[in-house]
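Pasted below: final39.cif, mmCIF, C-alpha atoms.
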data_run
#
loop_
_atom_site.label_atom_id
_atom_site.label_comp_id
_atom_site.auth_asym_id
_atom_site.auth_seq_id
_atom_site.Cartn_x
_atom_site.Cartn_y
_atom_site.Cartn_z
CA MET A 1 -94.88 130.98 -6.42
CA SER A 2 -91.14 130.77 -5.68
CA ASP A 3 -89.71 128.00 -3.49
CA GLN A 4 -88.83 130.53 -0.80
CA ASN A 5 -92.38 131.85 -0.83
CA ILE A 6 -93.83 128.35 -0.43
CA TYR A 7 -91.66 127.85 2.65
CA GLU A 8 -92.45 131.24 4.16
CA ASP A 9 -96.16 130.84 3.44
CA ARG A 10 -96.17 127.53 5.27
CA ILE A 11 -94.46 129.04 8.32
CA LYS A 12 -96.92 131.94 8.32
CA LEU A 13 -99.85 129.56 7.89
CA PHE A 14 -98.84 127.59 10.99
CA LYS A 15 -98.02 130.67 13.08
CA ASP A 16 -101.27 132.44 12.15
CA THR A 17 -103.19 129.27 13.00
CA ILE A 18 -101.51 129.05 16.41
CA GLU A 19 -102.55 132.67 17.01
CA LEU A 20 -106.13 131.65 16.09
CA LYS A 21 -106.12 134.03 13.11
CA LYS A 22 -108.24 133.47 10.03
CA THR A 23 -106.22 131.71 7.31
CA GLU A 24 -106.82 130.86 3.66
CA ARG A 25 -106.57 127.13 4.34
CA VAL A 26 -105.86 124.77 7.19
CA PRO A 27 -102.24 123.59 7.68
CA ASN A 28 -101.79 119.85 7.17
CA LEU A 29 -99.37 118.24 9.63
CA SER A 30 -98.28 114.62 9.30
CA ASN A 31 -98.45 112.55 12.46
CA PHE A 32 -97.37 109.45 10.54
CA PHE A 33 -94.59 107.44 12.11
CA THR A 34 -93.73 103.82 11.22
CA TRP A 35 -96.74 103.52 8.88
CA LYS A 36 -94.50 105.31 6.38
CA ILE A 37 -92.27 102.22 6.30
CA LEU A 38 -95.23 99.87 5.89
CA ASP A 39 -96.29 102.02 2.92
CA SER A 40 -92.85 101.45 1.36
CA PRO A 41 -91.09 98.39 -0.14
CA TYR A 42 -89.00 97.96 3.03
CA LYS A 43 -89.51 95.97 6.22
CA LEU A 44 -89.45 97.84 9.54
CA SER A 45 -86.05 96.44 10.53
CA GLU A 46 -84.55 97.24 7.13
CA ALA A 47 -85.50 100.92 7.21
CA MET A 48 -84.80 101.42 10.91
CA ASN A 49 -81.28 100.04 10.58
CA ASP A 50 -80.32 101.82 7.36
CA TYR A 51 -80.51 105.61 7.19
CA ASP A 52 -80.30 105.63 3.37
CA LYS A 53 -83.39 103.42 3.17
CA MET A 54 -85.18 105.49 5.81
CA GLU A 55 -84.42 108.66 3.84
CA ARG A 56 -85.99 107.10 0.75
CA VAL A 57 -89.04 106.03 2.78
CA VAL A 58 -89.62 109.52 4.17
CA CYS A 59 -88.97 111.35 0.89
CA ASP A 60 -91.25 108.98 -1.06
CA PHE A 61 -93.91 109.56 1.57
CA HIS A 62 -93.70 113.32 1.12
CA GLU A 63 -93.67 113.09 -2.67
CA ARG A 64 -96.81 110.95 -2.54
CA TYR A 65 -98.86 112.82 0.08
CA HIS A 66 -97.46 116.39 0.27
CA PHE A 67 -98.04 117.40 3.88
CA ASP A 68 -97.03 120.91 4.97
CA ALA A 69 -94.85 119.64 7.85
CA TYR A 70 -93.92 116.42 9.62
CA MET A 71 -93.83 115.33 13.24
CA ASP A 72 -91.37 112.60 12.25
CA LEU A 73 -88.74 112.50 9.53
CA GLY A 74 -87.69 108.89 10.15
CA THR A 75 -85.94 109.57 13.43
CA ARG A 76 -88.47 108.22 15.93
CA ASN A 77 -86.72 104.99 16.98
CA PRO A 78 -82.91 105.29 16.97
CA ILE A 79 -82.41 101.58 17.63
CA ARG A 80 -78.91 101.59 16.16
CA VAL A 81 -77.74 103.57 19.19
CA THR A 82 -79.18 101.22 21.80
CA ASP A 83 -78.23 98.15 19.76
CA ALA A 84 -74.60 99.29 19.94
CA LEU A 85 -74.90 98.96 23.72
CA GLY A 86 -76.46 95.52 23.57
CA GLY A 87 -80.08 96.42 22.82
CA GLY A 88 -82.77 98.58 24.36
CA ASP A 89 -86.40 98.01 25.24
CA HIS A 90 -87.76 98.01 21.70
CA GLU A 91 -88.76 94.83 19.92
CA VAL A 92 -89.06 95.28 16.17
CA ASN A 93 -91.18 92.50 14.68
CA ASP A 94 -91.30 92.38 10.88
CA LYS A 95 -93.78 89.50 10.89
CA THR A 96 -96.44 91.32 12.90
CA GLU A 97 -95.28 94.71 11.53
CA SER A 98 -95.09 96.12 15.03
CA ILE A 99 -92.65 97.72 17.44
CA ASN A 100 -93.18 96.94 21.09
CA TYR A 101 -91.70 98.99 23.89
CA TYR A 102 -91.58 97.17 27.18
CA ASP A 103 -92.62 98.74 30.45
CA HIS A 104 -89.45 98.36 32.45
CA VAL A 105 -87.98 99.12 35.87
CA LEU A 106 -84.47 100.58 36.01
CA MET A 107 -84.82 102.11 39.47
CA LYS A 108 -86.11 100.45 42.62
CA SER A 109 -88.71 101.97 44.91
CA ASP A 110 -86.22 102.57 47.75
CA GLU A 111 -83.69 104.41 45.56
CA TYR A 112 -85.24 107.89 45.35
CA GLN A 113 -82.76 109.25 47.90
CA GLU A 114 -79.81 107.88 45.91
CA LEU A 115 -81.12 109.68 42.86
CA LEU A 116 -81.41 112.88 44.87
CA ASP A 117 -77.95 112.56 46.45
CA ASN A 118 -75.88 112.04 43.30
CA GLU A 119 -77.82 111.76 40.05
CA VAL A 120 -74.78 111.12 37.83
CA LYS A 121 -73.55 108.27 40.03
CA PHE A 122 -77.05 106.86 40.26
CA LEU A 123 -77.67 107.01 36.51
CA TRP A 124 -74.33 105.41 35.67
CA THR A 125 -74.21 102.65 38.29
CA LYS A 126 -77.93 101.82 38.48
CA VAL A 127 -80.12 103.08 35.64
CA PHE A 128 -77.65 102.84 32.75
CA ALA A 129 -76.05 99.71 34.27
CA ARG A 130 -79.37 97.89 34.43
CA LYS A 131 -80.36 98.88 30.92
CA PHE A 132 -76.97 98.11 29.36
CA PRO A 133 -75.20 95.74 31.82
CA ASP A 134 -72.61 94.50 29.32
CA THR A 135 -71.26 97.93 28.38
CA THR A 136 -67.54 98.00 27.65
CA PRO A 137 -65.38 101.02 26.76
CA GLU A 138 -65.48 99.87 23.13
CA LYS A 139 -69.28 99.52 23.09
CA LEU A 140 -69.62 102.94 24.67
CA ILE A 141 -67.55 104.59 21.95
CA ASN A 142 -69.48 102.74 19.24
CA ALA A 143 -72.77 103.91 20.75
CA VAL A 144 -71.56 107.51 21.00
CA GLN A 145 -70.58 107.34 17.32
CA GLU A 146 -74.01 105.90 16.48
CA LEU A 147 -75.69 108.73 18.40
CA MET A 148 -73.64 111.23 16.40
CA ALA A 149 -74.59 109.48 13.15
CA TYR A 150 -78.23 109.63 14.23
CA GLY A 151 -77.85 113.36 14.92
CA GLN A 152 -76.33 113.85 11.48
CA PHE A 153 -79.21 111.94 9.87
CA ASN A 154 -81.69 114.09 11.78
CA ASP A 155 -79.93 117.28 10.61
CA LYS A 156 -79.75 115.99 7.03
CA MET A 157 -83.47 115.21 6.91
CA THR A 158 -84.42 118.51 8.52
CA ASN A 159 -82.30 120.47 6.02
CA LYS A 160 -83.52 118.42 3.07
CA PHE A 161 -87.15 119.03 3.93
CA VAL A 162 -86.56 122.75 4.32
CA GLN A 163 -84.43 123.19 1.23
CA GLU A 164 -85.88 120.68 -1.26
CA TYR A 165 -89.47 120.34 -0.12
CA HIS A 166 -89.95 123.74 1.56
CA CYS A 167 -91.47 122.14 4.64
CA PRO A 168 -90.66 123.86 7.95
CA SER A 169 -89.56 121.78 10.93
CA VAL A 170 -92.11 121.56 13.70
CA PHE A 171 -89.67 122.14 16.55
CA ASN A 172 -85.99 122.52 17.33
CA MET A 173 -84.58 119.38 19.00
CA ASN A 174 -82.87 121.68 21.51
CA ALA A 175 -86.25 123.06 22.54
CA VAL A 176 -87.79 119.75 23.62
CA LEU A 177 -88.83 119.89 27.26
CA MET A 178 -89.90 116.90 29.32
CA HIS A 179 -91.55 116.95 32.72
CA PRO A 180 -89.45 115.16 35.37
CA PHE A 181 -92.38 112.87 36.12
CA GLU A 182 -92.21 111.64 32.52
CA TYR A 183 -88.65 110.35 33.13
CA LEU A 184 -89.82 108.41 36.17
CA HIS A 185 -92.93 107.09 34.43
CA ASN A 186 -91.50 106.30 30.99
CA ASN A 187 -87.91 105.37 31.77
CA TYR A 188 -86.82 104.82 35.37
CA ARG A 189 -89.68 103.36 37.38
CA GLY A 190 -92.11 102.20 34.69
CA ILE A 191 -95.87 102.67 34.56
CA LYS A 192 -96.83 100.03 37.10
CA GLU A 193 -94.25 100.91 39.75
CA VAL A 194 -94.64 104.69 39.53
CA SER A 195 -98.39 104.25 39.93
CA ILE A 196 -97.69 102.61 43.30
CA ASP A 197 -95.16 105.33 44.21
CA LEU A 198 -97.83 107.99 43.69
CA ARG A 199 -99.58 106.55 46.71
CA LYS A 200 -96.75 105.12 48.81
CA ARG A 201 -93.78 107.40 48.06
CA ARG A 202 -95.40 110.68 47.15
CA THR A 203 -92.99 112.88 49.12
CA GLU A 204 -89.84 111.29 47.70
CA LEU A 205 -91.30 111.36 44.21
CA LYS A 206 -92.15 115.04 44.54
CA ASP A 207 -88.67 115.80 45.91
CA VAL A 208 -87.11 114.27 42.80
CA ILE A 209 -89.50 116.13 40.50
CA GLU A 210 -88.83 119.47 42.17
CA LYS A 211 -85.05 119.01 42.20
CA LYS A 212 -84.86 117.91 38.56
CA PHE A 213 -87.13 120.78 37.57
CA GLU A 214 -85.08 123.42 39.37
CA THR A 215 -81.64 122.15 38.42
CA GLN A 216 -82.23 120.82 34.91
CA MET A 217 -85.53 121.78 33.40
CA LEU A 218 -85.66 125.48 34.22
CA PRO A 219 -82.19 126.11 32.76
CA ALA A 220 -83.20 124.06 29.69
CA LEU A 221 -86.38 126.11 29.36
CA ASP A 222 -84.48 129.40 29.62
CA ALA A 223 -82.03 128.20 26.97
CA ALA A 224 -84.86 127.02 24.71
CA LEU A 225 -86.67 130.34 24.98
CA ASP A 226 -83.49 132.18 23.99
CA LEU A 227 -83.12 130.19 20.74
CA ASP A 228 -84.05 131.78 17.45
CA THR A 229 -86.94 129.49 16.51
CA SER A 230 -88.55 131.79 13.96
CA ALA A 231 -88.04 129.16 11.23
CA TYR A 232 -89.93 126.50 13.18
CA VAL A 233 -93.66 125.87 13.52
CA CYS A 234 -93.43 126.33 17.30
CA ASP A 235 -90.82 127.54 19.78
CA THR A 236 -90.86 124.68 22.30
CA TYR A 237 -92.15 121.11 22.32
CA PHE A 238 -93.52 119.25 25.33
CA PRO A 239 -94.57 115.58 24.99
CA MET A 240 -97.06 114.29 27.56
CA LEU A 241 -97.74 110.64 28.33
CA ALA A 242 -97.49 110.21 32.11
CA HIS A 243 -100.60 112.31 32.78
CA ALA A 244 -102.52 109.27 31.49
CA ILE A 245 -102.26 107.61 34.91
CA LEU A 246 -103.10 110.75 36.93
CA SER A 247 -106.41 111.92 38.34
CA PRO A 248 -107.06 115.70 38.19
CA LYS A 249 -106.09 115.89 41.87
CA GLN A 250 -102.80 114.06 41.28
CA PHE A 251 -102.16 116.15 38.18
CA GLU A 252 -102.57 119.33 40.21
CA ASP A 253 -100.15 118.00 42.82
CA ILE A 254 -97.50 116.21 40.74
CA TYR A 255 -97.52 117.65 37.24
CA TRP A 256 -99.24 121.00 36.90
CA PRO A 257 -96.98 123.15 39.16
CA GLN A 258 -94.05 122.64 36.77
CA LEU A 259 -96.10 122.74 33.58
CA LYS A 260 -97.74 125.97 34.71
CA GLN A 261 -94.33 127.58 35.28
CA ILE A 262 -93.28 126.53 31.80
CA ILE A 263 -96.42 127.88 30.16
CA ASP A 264 -96.19 131.12 32.16
CA LYS A 265 -92.62 131.66 30.93
CA VAL A 266 -93.62 130.84 27.35
CA VAL A 267 -96.42 133.40 27.53
CA GLU A 268 -94.19 135.98 29.22
CA LYS A 269 -91.64 135.65 26.40
CA ASP A 270 -94.40 135.72 23.75
CA LYS A 271 -93.39 132.26 22.53
CA THR A 272 -95.33 129.09 21.73
CA ILE A 273 -95.41 125.55 23.12
CA TYR A 274 -96.59 122.45 21.26
CA ILE A 275 -98.00 120.01 23.81
CA PHE A 276 -98.26 116.56 22.29
CA CYS A 277 -100.86 114.77 24.41
CA GLU A 278 -101.05 111.04 24.28
CA SER A 279 -104.14 109.50 25.94
CA THR A 280 -106.86 111.99 27.00
CA MET A 281 -106.82 115.60 28.25
CA LEU A 282 -110.47 116.47 28.80
CA ARG A 283 -110.38 115.86 32.56
CA PHE A 284 -107.60 118.47 32.85
CA LYS A 285 -109.36 121.15 30.80
CA ASP A 286 -109.84 123.50 33.77
CA PHE A 287 -106.08 123.97 34.07
CA PHE A 288 -105.83 125.36 30.55
CA GLN A 289 -108.85 127.66 30.46
CA ASP A 290 -107.09 130.87 31.52
CA ILE A 291 -104.05 130.64 29.27
CA PRO A 292 -103.92 133.64 26.90
CA LYS A 293 -104.62 132.71 23.29
CA GLY A 294 -101.83 132.35 20.78
CA HIS A 295 -99.29 130.44 22.87
CA VAL A 296 -100.37 126.84 23.35
CA ILE A 297 -101.07 124.07 20.85
CA LEU A 298 -102.62 120.85 22.17
CA HIS A 299 -102.24 117.86 19.87
CA LEU A 300 -104.97 115.47 20.96
CA GLU A 301 -104.99 111.71 20.71
CA GLN A 302 -108.06 110.10 22.28
CA ASP A 303 -110.23 113.11 23.14
CA ASP A 304 -113.33 114.30 21.33
CA ILE A 305 -111.70 117.29 19.62
CA PHE A 306 -115.05 119.09 19.18
CA GLU A 307 -115.71 118.93 22.92
CA ILE A 308 -112.22 120.20 23.77
CA HIS A 309 -112.66 123.04 21.28
CA LYS A 310 -115.86 124.07 23.04
CA GLU A 311 -114.13 123.99 26.44
CA LEU A 312 -110.85 125.59 25.34
CA PRO A 313 -111.49 128.20 22.65
CA ASN A 314 -108.26 129.93 23.75
CA ILE A 315 -106.09 126.99 22.62
CA CYS A 316 -104.95 125.99 19.12
CA LEU A 317 -105.82 122.32 18.59
CA ALA A 318 -104.05 119.78 16.39
CA GLY A 319 -105.18 116.30 15.39
CA GLY A 320 -108.76 115.44 14.54
CA MET A 321 -108.56 112.87 11.75
CA THR A 322 -108.93 109.45 13.33
CA THR A 323 -107.00 106.35 12.37
CA ASP A 324 -110.25 104.40 12.73
CA LEU A 325 -111.62 106.30 9.77
CA LEU A 326 -108.38 106.46 7.78
CA GLY A 327 -107.93 102.73 8.21
CA ASN A 328 -111.49 101.48 7.89
CA GLY A 329 -113.54 104.19 6.16
CA THR A 330 -114.03 105.03 2.52
CA PRO A 331 -112.40 108.02 0.80
CA ARG A 332 -115.79 109.77 0.77
CA GLN A 333 -116.28 109.23 4.52
CA CYS A 334 -112.77 110.51 5.21
CA ILE A 335 -113.35 113.64 3.13
CA ASP A 336 -116.71 114.32 4.75
CA TYR A 337 -115.16 114.07 8.21
CA SER A 338 -112.24 116.30 7.16
CA LYS A 339 -114.75 118.93 6.02
CA LYS A 340 -116.61 118.70 9.32
CA LEU A 341 -113.35 119.15 11.26
CA ILE A 342 -112.38 122.24 9.30
CA ASP A 343 -115.86 123.77 9.26
CA GLU A 344 -116.55 123.27 12.96
CA LEU A 345 -113.12 123.88 14.47
CA GLY A 346 -112.57 127.03 12.46
CA ASN A 347 -109.52 129.16 13.03
CA GLY A 348 -106.87 127.75 15.32
CA PHE A 349 -106.96 124.19 14.01
CA ILE A 350 -103.98 122.26 12.65
CA PHE A 351 -105.25 119.32 10.63
CA SER A 352 -103.45 116.14 11.65
CA GLN A 353 -104.03 112.57 12.78
CA ASN A 354 -105.16 111.72 16.30
CA LYS A 355 -102.69 108.86 16.73
CA MET A 356 -99.03 108.50 15.89
CA VAL A 357 -99.85 106.45 12.80
CA SER A 358 -97.85 103.25 13.17
CA PHE A 359 -99.72 100.13 12.10
CA ARG A 360 -100.79 98.97 8.65
CA ASN A 361 -104.49 99.05 9.52
CA ASP A 362 -104.22 102.62 10.83
CA CYS A 363 -104.57 103.97 7.30
CA ALA A 364 -105.40 103.00 3.73
CA ARG A 365 -103.35 104.70 1.04
CA GLU A 366 -106.37 105.74 -1.05
CA ASN A 367 -107.94 107.42 1.99
CA LEU A 368 -104.86 109.46 2.75
CA LEU A 369 -104.46 110.51 -0.88
CA ALA A 370 -108.10 111.62 -0.99
CA VAL A 371 -107.92 113.52 2.32
CA ASN A 372 -104.72 115.39 1.47
CA GLU A 373 -105.97 116.40 -1.96
CA PHE A 374 -109.12 117.71 -0.30
CA ILE A 375 -107.16 119.63 2.36
CA ARG A 376 -104.95 121.30 -0.23
CA ASN A 377 -107.93 122.59 -2.16
CA TYR A 378 -110.58 123.32 0.47
CA MET B 1 -98.06 95.36 28.43
CA MET B 2 -95.11 93.20 29.42
CA PHE B 3 -93.27 93.97 32.59
CA GLU B 4 -89.64 93.30 33.29
CA GLU B 5 -87.66 94.10 36.37
CA LYS B 6 -84.00 94.52 35.57
CA ASP B 7 -81.46 92.71 37.68
CA SER B 8 -79.76 95.19 39.96
CA ALA B 9 -76.75 93.01 40.69
CA ILE B 10 -74.41 94.53 38.12
CA ASP B 11 -70.98 92.96 38.14
CA ASN B 12 -69.23 95.16 35.62
CA PRO B 13 -66.16 97.12 36.79
CA PHE B 14 -66.71 99.67 34.01
CA LEU B 15 -70.11 100.62 35.45
CA THR B 16 -68.71 101.81 38.78
CA TYR B 17 -68.35 105.30 40.23
CA PRO B 18 -66.03 107.14 40.25
CA GLU B 19 -63.49 104.70 38.72
CA GLY B 20 -65.49 103.38 35.74
CA TRP B 21 -67.15 106.73 35.22
CA ASN B 22 -63.82 108.54 35.04
CA GLN B 23 -62.54 105.93 32.58
CA ALA B 24 -65.64 106.50 30.43
CA VAL B 25 -65.16 110.28 30.54
CA GLU B 26 -61.48 109.97 29.59
CA SER B 27 -62.31 107.63 26.71
CA LEU B 28 -64.10 110.42 24.84
CA VAL B 29 -60.81 111.58 23.36
CA PHE B 30 -62.43 113.06 20.26
CA LEU B 31 -64.00 115.77 22.43
CA PRO B 32 -62.22 118.67 24.16
CA GLU B 33 -61.43 117.66 27.74
CA GLU B 34 -63.73 120.23 29.31
CA MET B 35 -66.73 118.96 27.31
CA ARG B 36 -66.38 115.23 27.97
CA GLU B 37 -68.20 114.84 31.28
CA GLY B 38 -71.15 117.05 30.27
CA PHE B 39 -71.44 115.11 27.02
CA LEU B 40 -71.42 111.76 28.82
CA ILE B 41 -74.11 112.91 31.27
CA GLN B 42 -76.25 113.98 28.32
CA PHE B 43 -75.49 110.73 26.53
CA ILE B 44 -76.54 108.41 29.37
CA THR B 45 -79.65 110.53 30.02
CA THR B 46 -80.56 110.21 26.34
CA VAL B 47 -79.92 106.50 25.87
CA THR B 48 -81.67 105.49 29.08
CA SER B 49 -84.70 107.31 27.70
CA MET B 50 -84.61 105.42 24.37
#
Would you kindly transcribe this structure into structure tokens?
Amino acid sequence: MSDQNIYEDRIKLFKDTIELKKTERVPNLSNFFTWKILDSPYKLSEAMNDYDKMERVVCDFHERYHFDAYMDLGTRNPIRVTDALGGGDHEVNDKTESINYYDHVLMKSDEYQELLDNEVKFLWTKVFARKFPDTTPEKLINAVQELMAYGQFNDKMTNKFVQEYHCPSVFNMNAVLMHPFEYLHNNYRGIKEVSIDLRKRRTELKDVIEKKFETQMLPALDAALDLDTSAYVCDTYFPMLAHAILSPKQFEDIYWPQLKQIIDKVVEKDKTIYIFCESTMLRFKDFFQDIPKGHVILHLEQDDIFEIHKELPNICLAGGMTTDLLGNGTPRQCIDYSKKLIDELGNGFIFSQNKMVSFRNDCARENLLAVNEFIRNY
Amino acid sequence: MMFEEKDSAIDNPFLTYPEGWNQAVESLVFLPEEMREGFLIQFITTVTSM
């Protein structure tokens, strides 16, 4: 088979799977993140601060395990950018082989109106100022240059994987959409504070969500849906984390109205959306039951994927292989579970890992080698 | 998970609006003038999310 055919076959394999069509084999998508570095000769800090080393890490990983596509090509934690501004909220610890991200508050509870009144002023003088209080004109320029270097690294890796390894990119970086509540939860208010706001400042919180959605997200969605994304696994990408703190009732009130509009537009334009769900989704299953098949992929983290499949036969599911098994099981156990996943989930299943694989004990090399050889040949 | 509340008393003349902001916009000399402010908005949105 020619190189071009390998690439086109992989794209078709993913797209047919998303449309729940019968395929010759299941696509194998890597959800490995910093584990790749722990599987290499480098320390976390060495690879994360040196793009040449990170390139070697990611290429060696592909040459060893041969996935069809990758959620991460070494671009998950651009710490060089935030370090240029004096440091961000990541703590890279080579001794414990971990990266911690601190829950942080960059916006106070009584500042919602300021955010509504003038978002640029608010971001610059409050949010950015609290995160990077020692910014100088020189540091700003250095950080902008680092962001550009990061963008160039991202482009280089994407092109290399398409051209040398014939692996399609999962999504276009310009087609990443994020719910406004995610910004408040992940970045501005933090998990603890936004949980209190849900009860005490619901109206202000909703006002911010609705304004950001109308003025920023809808135009971004329209632009994303106009992109030619035929060379990507999916047309748009939507990461979800903040739903983890919501009840179904809160989800219906705070999150779903905007997500529904997005999904409706994706369906209307006959496009696809890859929803990367951290935490659990089962309690929100009712919201997804009427979506036409062929448009939505749910990548599941902590759910029972067999139960979700039973509840949502209209949705393509990704994930399945657990880090518990990859890290603690035997190769035989991992293969048996892989077979069960493929046999029972049938068409419309993208084989991947349930967690963003990050820690050494998340996976044993011999297990991953055994699973991927099995997937290629089953 | 650790919790940290950032100090809101920022005493940095560069992080003011509109004076410091305009200075930051003007400093992006490697970009065409009409693109600088949009780029900076995107930049601060991105880095505050990192």
Tell me which residues the PyMOL selection byres ((chain A and resi 126) around 10) grabs here, as a ChimeraX atom specification. /A:106-108,111,114-115,120-125,127-133,188 /B:6-10,15-16
Selection: 12 Å around Pro248 of chain A, only C-alpha atoms, excl. self and same-chain fewer than 2 positions, as a ChimeraX atom specification: /A:243-246,250-256,280-287
Written as an MDAnalysis selection string, which residues does the PyMOL selection byres ((chain A and resi 240) around 6) give for the file shown? chainID A and resid 239 241 276:277
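Atom pair atom CA of Pro313 of chain A / atom CA of Leu300 of chain A: separated by 14.4 Å.
Using the PyMOL selection byres ((chain B and resi 21-26) around 8) on the file at hand returns these residues: Trp124, Pro137 and Leu140 of chain A; Phe14, Leu15, Thr16, Tyr17, Pro18, Glu19, Gly20, Ser27, Leu28, Val29, Glu33, Arg36, Glu37 and Leu40 of chain B.
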Fewer than 3 positions away in the same chain doesn't count, so skip those; otherwise give me all residues within 10 Å of Val233 of chain A, counting all atoms listed in the file, as a list of chain:residue names.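 After dropping sequence-adjacent residues, the list is A:Arg10, A:Ile11, A:Lys12, A:Leu13, A:Phe14, A:Lys15, A:Ile18, A:Ala69, A:Cys167, A:Pro168, A:Ser169, A:Val170, A:Phe171, A:Asn172, A:Thr229, A:Ser230, A:Thr236, A:Thr272, A:Ile273, A:Tyr274.
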Atomic distance atom CA of Leu259 of chain A - atom CA of Met356 of chain A, expressed in Å with one decimal: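 Distance between the two atoms: 22.9 Å.
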If you count only C-alpha atoms, which residues fall within 6 Å of Ile297 of chain A, apart from same-chain ones fewer than 5 positions away, as a PyMOL selection string? chain A and resi 274-275+316-317
Which residues, written as a list in words, have at least one atom at most 10 Å from Val266 of chain A, with only C-alpha atoms counted and residues fewer than 3 positions away on the same chain left out?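 After dropping sequence-adjacent residues, the list is Leu221, Asp222, Ala224, Leu225, Asp235, Thr236, Lys260, Gln261, Ile262, Ile263, Lys269, Asp270, Lys271, Thr272, Ile273, His295 and Val296 of chain A.
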I'd like the contact shell of Leu345 of chain A - 8 Å cut-off, all atoms listed in the file, skipping same-chain residues fewer than 3 positions apart - returned as a ChimeraX atom specification. /A:306,309,341-342,348-349
Write out the residues from the selection above, keeping C-alpha atoms, as a tab-separated table (two decimals), in the coordinates of the input.
chain	number	residue	atom	x	y	z
A	306	PHE	CA	-115.05	119.09	19.18
A	309	HIS	CA	-112.66	123.04	21.28
A	341	LEU	CA	-113.35	119.15	11.26
A	342	ILE	CA	-112.38	122.24	9.30
A	348	GLY	CA	-106.87	127.75	15.32
A	349	PHE	CA	-106.96	124.19	14.01
Distance atom CA of Phe288 of chain A-atom CA of Asn28 of chain A, one decimal place?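 Value for the atom CA of Phe288 of chain A-atom CA of Asn28 of chain A distance: 24.4 Å.
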Of the listed residues A:Asp155, A:Asp343, A:Asp50, A:Glu164, that which approaches Pro78 of chain A most closely, counting all atoms listed in the file: A:Asp50
Judged by only C-alpha atoms, the minimum distance to Thr46 of chain B among A:Asn367, A:Thr82, A:Asn5, A:Gln258 is found for A:Thr82
Counting all atoms listed in the file, write as a ChimeraX atom specification all protein and nucleic acid residues lying at most 12 Å from (-76.6, 115.3, 26.8) in the file's frame. /A:120,144,147-148,173-174,216,220 /B:35-49
My list of candidates is A:Glu19, A:Arg56, A:Tyr237, A:Pro292. Which is closest to Asp39 of chain A when distances are computed with only C-alpha atoms?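 The closest residue to Asp39 of chain A is A:Arg56.
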Residue among A:Ile305, A:His66, A:Leu198, A:Arg76 lying closest to Ala370 of chain A, counting all atoms listed in the file: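 For Ala370 of chain A, the nearest of the given residues is A:His66.
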Top pick for closest residue to Leu326 of chain A, considering A:Asn372, A:Asp68, A:Ile308, A:Arg201 and counting all atoms listed in the file: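 Between A:Asn372, A:Asp68, A:Ile308, A:Arg201, the residue approaching Leu326 of chain A most closely is A:Asn372.
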Around the point (-89.8, 97.2, 5.9), in the coordinates given by the file, pick out the residues reaching within 12 Å, counting only C-alpha atoms, and return them as a PyMOL selection string. chain A and resi 34-50+53-54+56-57+92-99+360
When distances are computed from all atoms listed in the file, which of A:Tyr165, A:Phe359, A:Phe351, A:Tyr101 shows the smallest separation from chain B? A:Tyr101
For the structure just given, write the atoms of segment 36-46 of chain B, namely N, CA and C atoms, as a tab-separated table (two decimals), in the first residue's frame.
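Saved file part11.tsv follows:
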chain	number	residue	atom	x	y	z
B	36	ARG	N	-2.53	44.26	15.69
B	36	ARG	CA	-1.88	44.16	17.00
B	36	ARG	C	-2.85	43.97	18.15
B	37	GLU	N	-3.92	44.76	18.21
B	37	GLU	CA	-4.81	44.67	19.36
B	37	GLU	C	-5.53	43.33	19.39
B	38	GLY	N	-6.01	42.87	18.24
B	38	GLY	CA	-6.70	41.57	18.18
B	38	GLY	C	-5.77	40.45	18.61
B	39	PHE	N	-4.50	40.55	18.17
B	39	PHE	CA	-3.52	39.53	18.55
B	39	PHE	C	-3.31	39.54	20.06
B	40	LEU	N	-3.19	40.75	20.64
B	40	LEU	CA	-2.92	40.81	22.08
B	40	LEU	C	-4.11	40.28	22.89
B	41	ILE	N	-5.32	40.57	22.43
B	41	ILE	CA	-6.51	40.02	23.12
B	41	ILE	C	-6.45	38.49	23.09
B	42	GLN	N	-6.14	37.95	21.92
B	42	GLN	CA	-6.05	36.49	21.79
B	42	GLN	C	-4.93	35.95	22.66
B	43	PHE	N	-3.83	36.68	22.69
B	43	PHE	CA	-2.67	36.24	23.48
B	43	PHE	C	-3.00	36.16	24.96
B	44	ILE	N	-3.60	37.23	25.51
B	44	ILE	CA	-3.86	37.21	26.97
B	44	ILE	C	-4.96	36.20	27.31
B	45	THR	N	-5.90	36.00	26.38
B	45	THR	CA	-6.92	34.96	26.61
B	45	THR	C	-6.26	33.59	26.66
B	46	THR	N	-5.31	33.38	25.76
B	46	THR	CA	-4.63	32.08	25.68
B	46	THR	C	-3.76	31.83	26.91
